[in-house]
Every structure is written in structure tokens, then in C-alpha cells.
Amino acid sequence: MREEKISEFEFEAHRPHLRAVAYRMLGSLSEAEDAVQDAWLKASRADVSEVENLAGWLTTVTGRVCLDLLRSRQSRREDPFDGQEPQVRLARRVDPEEEAVLADSVGLAMLVVLDALSPVERLAFVLHDLFAVPFAEIAPIVERSPETTQRIASRARLRVRGTSKVDGDLARRHRAVEAFLQAARDGEFATLLTLLDPSVTMRLDDAAIRLSSGTHLVGAQAVAEAFSGQARLARAVLLDGEVAVAVVPRGNLLMVFTLRFEGDRIAEIRAIGDEAALTALELHVP
């Protein structure tokens with residue numbers, strides 16, 4: 001099949017929409033303009049012969065660019081000061097009146113709340129709730145399943161609405177995980193059983209099986225036995241707004257356990273040891 005390229009004329013017809021998407025993602029008109037320009041450079045080199053919905057496709061391309069920018073912005077915030085002068089990037093000149101109109105259309109309060117979300121949360125919420133992009137199309141951008149992407153957007157939506165229930169539930173689950181890890185380190189088998197759902201399951205990817213010499217497990221007894229006396233290198237972290245466990249020997253990420261709760265008990269554990277999968281994760285220390 002012959003390749004088909006998008007023309008600049010076609011792209012310019014979608015620029016106002018793409019700029020609106022980028023602005024809500026980034027909160028800065030100058031950065032939004034840069035993101036849209038980057039999206040044009042990527043789109044102009046792509047084959048669009050099989051693209052049925054050009055507007056939707058361009059929206060996802062712009063979303064990917066914005067996600068990279070948000071991750072880069074977050075990384076710069078967290079980088080320790082090393083005594084070197086920072087590299088200053090001058091923002092392009094923008095029309096203050098135009099930016100004021102955009103800001104007013106979004107709402108200052110909304111921009112402040114969006115800035116508190118993680119990059120993945122922000123993208124999932126903005127694309128789905130503000131621009132009606134289906135979760136099936138957002139999922140590949142954030143490298144999650146559609147179901148996980150939907151849960152991420154749901155949590156972000158609650159935070160944007162100012163709901164405190166999520167934070168309360170999260171704090172309770174975090175305490176439960178900390179108690180679980182402490183009981184594992186101390187070999188307190190009985191305590192481990194109280195923190196696990198009786199039907200808890202543990203699944204490991206192939207890399208995790210090789211790293212731990214473990215296997216898939218079913219039931220609180222089996223899972224408690226696997227963790228008892230272990231977890232000295234494990235710590236509670238946040239992954240996609242949920243509590244998880246990271247194994248970090250000598251500062252190097254070795255494995256991540258994602259968790260699902262039933263009430264206050266751990267009902268499912270999934271161990272990720274695949275290096276490529278670990279690299280794609282965004283972990284935060286609460």
C-alpha cells in the first residue's frame with residue numbers, strides 16, 4: 001500500500017483543537033505551542049493511509065508529546081542540585097490576551113489541581129474527560145491496559161472534584177502495606193495472615209520468577225509463607241496513584257509488586273521483574 005502523508009494544510013485545520021488539548025495538559029501557552037509544533041513534526045513523517053479518524057489520531061500524537069514534556073518537567077523538579085548552572089530555555093513570546101482567554105476557558109482552579117496530578121493521571125483525565133478520547137486509545141500512550149487507564153482517570157476525576165475519600169482510602173492502604181512489610185521483615189506470620197484476604201493470589205511475570213525463584217500462589221497461608229522473614233529491601237511506593245511495593249537493593253529497582261485490596265486486606269499481588277516494564281513505571285515515594 002502506498003504511504004500517505006498529512007499535508008500542512010490538513011494539520012493547520014486541527015491546530016486550534018490540538019493547542020487546546022496541549023494547553024490543558026501543560027498549563028502554559030508557550031509550551032502548548034511547542035508541543036503542537038513537535039506533534040506536527042512527528043505527524044508529518046508518519047504514514048496516515050490507515051488512519052480513519054485524523055482528529056483523534058492527532059490528539060493522541062499531541063498527548064504523547066505532552067506526556068513526555070510533563071515527565072521531563074517532573075524529572076527536573078526532582079533532580080538534586082549538583083552545583084551546576086541550570087540550562088535556561090527561553091519561552092517563545094505569546095500573546096498575553098490570548099493566554100488569558102485560554103486560562104479563563106479552563107479555569108485557574110482547574111489548572112492548579114491538574115498540576116498536582118501525576119503525568120499519567122493528567123493525561124488520562126484530560127484526554128478522556130475533557131476531550132472524550134476513549135480509554136482504548138489512551139491506554140497505549142500511557143502503556144497501561146484500558147481498565148487500568150480508566151481507574152487512573154477515575155482517581156484523577158475525584159481529585160479534581162476535591163473529593164477527599166480517595167486520599168483517606170489511600171492513606172489506609174498505605175498503612176496496611178507498611179504493616180505488612182514490617183510483619184514480613186519480623187517474620188510475624190500471624191500478623192501477615194490478618195492483612196491478607198483468605199483467597200489472595202500472587203502472580204509473577206517470567207522475570208520475577210527468575211529473580212525470586214518463586215511461583216504463582218493462591219491463599220493467605222501460601223502468600224504469608226513466601227513473605228515471612230523477607231522484604232528487608234522492600235518499601236511502599238505509589239504507582240498510578242495506588243500503593244505498591246518496590247524492591248530496591250543498593251538503590252536499583254529490581255522488582256515491583258502491584259496490589260489490589262478487598263476492603264482493608266490485600267487480595268491480589270502481581271510481581272513485575274521485566275526490565276522494560278519497570279522502566280515504563282512512574283514510582284513515587286509517599
# chains A, B, ... in the order shown; residues from 1 in each chain; ligands from 1
>>> select_by_dssp(residues="region 122-214 of chain A", states="alpha helix (DSSP H)", output="PyMOL selection string")
chain A and resi 122-125+135-142+146-160+165-186+189-195+206-212
>>> residues_around(residues="Arg15 (chain A)", least_positions_apart="3", cutoff="12 Å", atoms="only C-alpha atoms", output="list in words")
Glu8, Phe9, Glu10, Phe11, Glu12, Leu18, Arg19, Ala20, Val21, Ala22, Tyr23, Ala32, Glu33, Asp34, Ala35, Val36, Gln37, Asp38, Ala39, Trp40, Ala55, Leu58, Thr59 and Thr62 of chain A
>>> residues_around(residues="region 234-248 of chain A", least_positions_apart="4", cutoff="10 Å", atoms="only C-alpha atoms", output="number ranges by chain")
A: 117-121, 144, 148-149, 151-153, 155-156, 166-167, 169-178, 180-182, 184-185, 230, 252-261, 269-273, 281-286
>>> select_by_dssp(residues="region 188-285 of chain A", states="strand (DSSP E)", output="number ranges by chain")
A: 196-204, 217-218, 234-239, 242-247, 255-262, 265-272, 283-284
>>> closest_residue(among="A:Ile138, A:Leu26, A:Val200, A:Leu211", to="Asp68 (chain A)", atoms="only C-alpha atoms")
A:Leu26
>>> atom_distance(atom1="CA of Arg159 (chain A)", atom2="CA of Phe125 (chain A)")
10.4 Å
>>> atom_distance(atom1="CA of Ala190 (chain A)", atom2="CA of Arg232 (chain A)")
18.3 Å
>>> residues_around(residues="Thr201 (chain A)", least_positions_apart="6", cutoff="6 Å", atoms="only C-alpha atoms", output="list in words")
Leu217, Val218 and Glu268 of chain A
>>> write_last_selection(atoms="all heavy atoms", output="PDB file, in the first residue's frame")
ATOM      1  N   LEU A 217       1.023 -18.219  43.512  1.00  0.00           N
ATOM      2  CA  LEU A 217       0.500 -18.723  44.781  1.00  0.00           C
ATOM      3  C   LEU A 217      -0.965 -18.357  44.939  1.00  0.00           C
ATOM      4  O   LEU A 217      -1.413 -17.323  44.437  1.00  0.00           O
ATOM      5  CB  LEU A 217       1.298 -18.145  45.951  1.00  0.00           C
ATOM      6  CG  LEU A 217       2.805 -18.464  45.983  1.00  0.00           C
ATOM      7  CD1 LEU A 217       3.486 -17.668  47.083  1.00  0.00           C
ATOM      8  CD2 LEU A 217       3.028 -19.954  46.184  1.00  0.00           C
ATOM      9  N   VAL A 218      -1.695 -19.192  45.678  1.00  0.00           N
ATOM     10  CA  VAL A 218      -3.106 -18.940  45.980  1.00  0.00           C
ATOM     11  C   VAL A 218      -3.331 -19.199  47.460  1.00  0.00           C
ATOM     12  O   VAL A 218      -2.907 -20.238  47.986  1.00  0.00           O
ATOM     13  CB  VAL A 218      -4.038 -19.841  45.150  1.00  0.00           C
ATOM     14  CG1 VAL A 218      -5.484 -19.582  45.527  1.00  0.00           C
ATOM     15  CG2 VAL A 218      -3.825 -19.616  43.655  1.00  0.00           C
ATOM     16  N   GLU A 268      -4.847  -9.304  45.948  1.00  0.00           N
ATOM     17  CA  GLU A 268      -4.107  -9.738  44.762  1.00  0.00           C
ATOM     18  C   GLU A 268      -2.751  -9.061  44.736  1.00  0.00           C
ATOM     19  O   GLU A 268      -2.633  -7.864  45.017  1.00  0.00           O
ATOM     20  CB  GLU A 268      -4.889  -9.402  43.482  1.00  0.00           C
ATOM     21  CG  GLU A 268      -4.214  -9.883  42.212  1.00  0.00           C
ATOM     22  CD  GLU A 268      -5.019  -9.529  40.968  1.00  0.00           C
ATOM     23  OE1 GLU A 268      -5.753  -8.511  40.998  1.00  0.00           O
ATOM     24  OE2 GLU A 268      -4.914 -10.263  39.978  1.00  0.00           O
TER      25      GLU A 268
END
>>> atom_distance(atom1="CA of Ser154 (chain A)", atom2="CA of His128 (chain A)")
10.0 Å
>>> decode(residues="region 150-185 of chain A", atoms="C-alpha atoms", output="short mmCIF file (atom, residue, chain, number, x, y, z; two decimals), in the first residue's frame")
data_model
loop_
_atom_site.label_atom_id
_atom_site.label_comp_id
_atom_site.auth_asym_id
_atom_site.auth_seq_id
_atom_site.Cartn_x
_atom_site.Cartn_y
_atom_site.Cartn_z
CA GLN A 150 -9.97 4.00 33.36
CA ARG A 151 -9.14 3.59 37.06
CA ILE A 152 -6.37 6.20 36.77
CA ALA A 153 -8.77 8.68 35.17
CA SER A 154 -11.39 7.93 37.82
CA ARG A 155 -8.96 8.72 40.64
CA ALA A 156 -7.86 11.89 38.88
CA ARG A 157 -11.50 12.91 38.43
CA LEU A 158 -12.16 12.55 42.15
CA ARG A 159 -9.10 14.63 42.98
CA VAL A 160 -10.14 17.33 40.53
CA ARG A 161 -13.58 17.42 42.15
CA GLY A 162 -11.96 17.91 45.53
CA THR A 163 -13.10 14.56 46.91
CA SER A 164 -11.11 13.56 49.98
CA LYS A 165 -12.29 9.94 50.07
CA VAL A 166 -9.52 8.84 47.71
CA ASP A 167 -6.81 10.31 49.94
CA GLY A 168 -8.37 8.71 53.02
CA ASP A 169 -8.58 5.28 51.38
CA LEU A 170 -5.05 5.67 50.05
CA ALA A 171 -3.68 6.53 53.49
CA ARG A 172 -5.40 3.49 54.99
CA ARG A 173 -4.00 1.19 52.31
CA HIS A 174 -0.56 2.70 52.77
CA ARG A 175 -0.66 1.94 56.50
CA ALA A 176 -1.74 -1.62 55.73
CA VAL A 177 1.17 -2.11 53.32
CA GLU A 178 3.66 -0.66 55.80
CA ALA A 179 2.31 -3.03 58.46
CA PHE A 180 2.56 -5.94 56.01
CA LEU A 181 6.19 -5.16 55.15
CA GLN A 182 7.13 -4.79 58.82
CA ALA A 183 5.46 -8.09 59.70
CA ALA A 184 7.27 -9.74 56.78
CA ARG A 185 10.64 -8.43 57.97
#
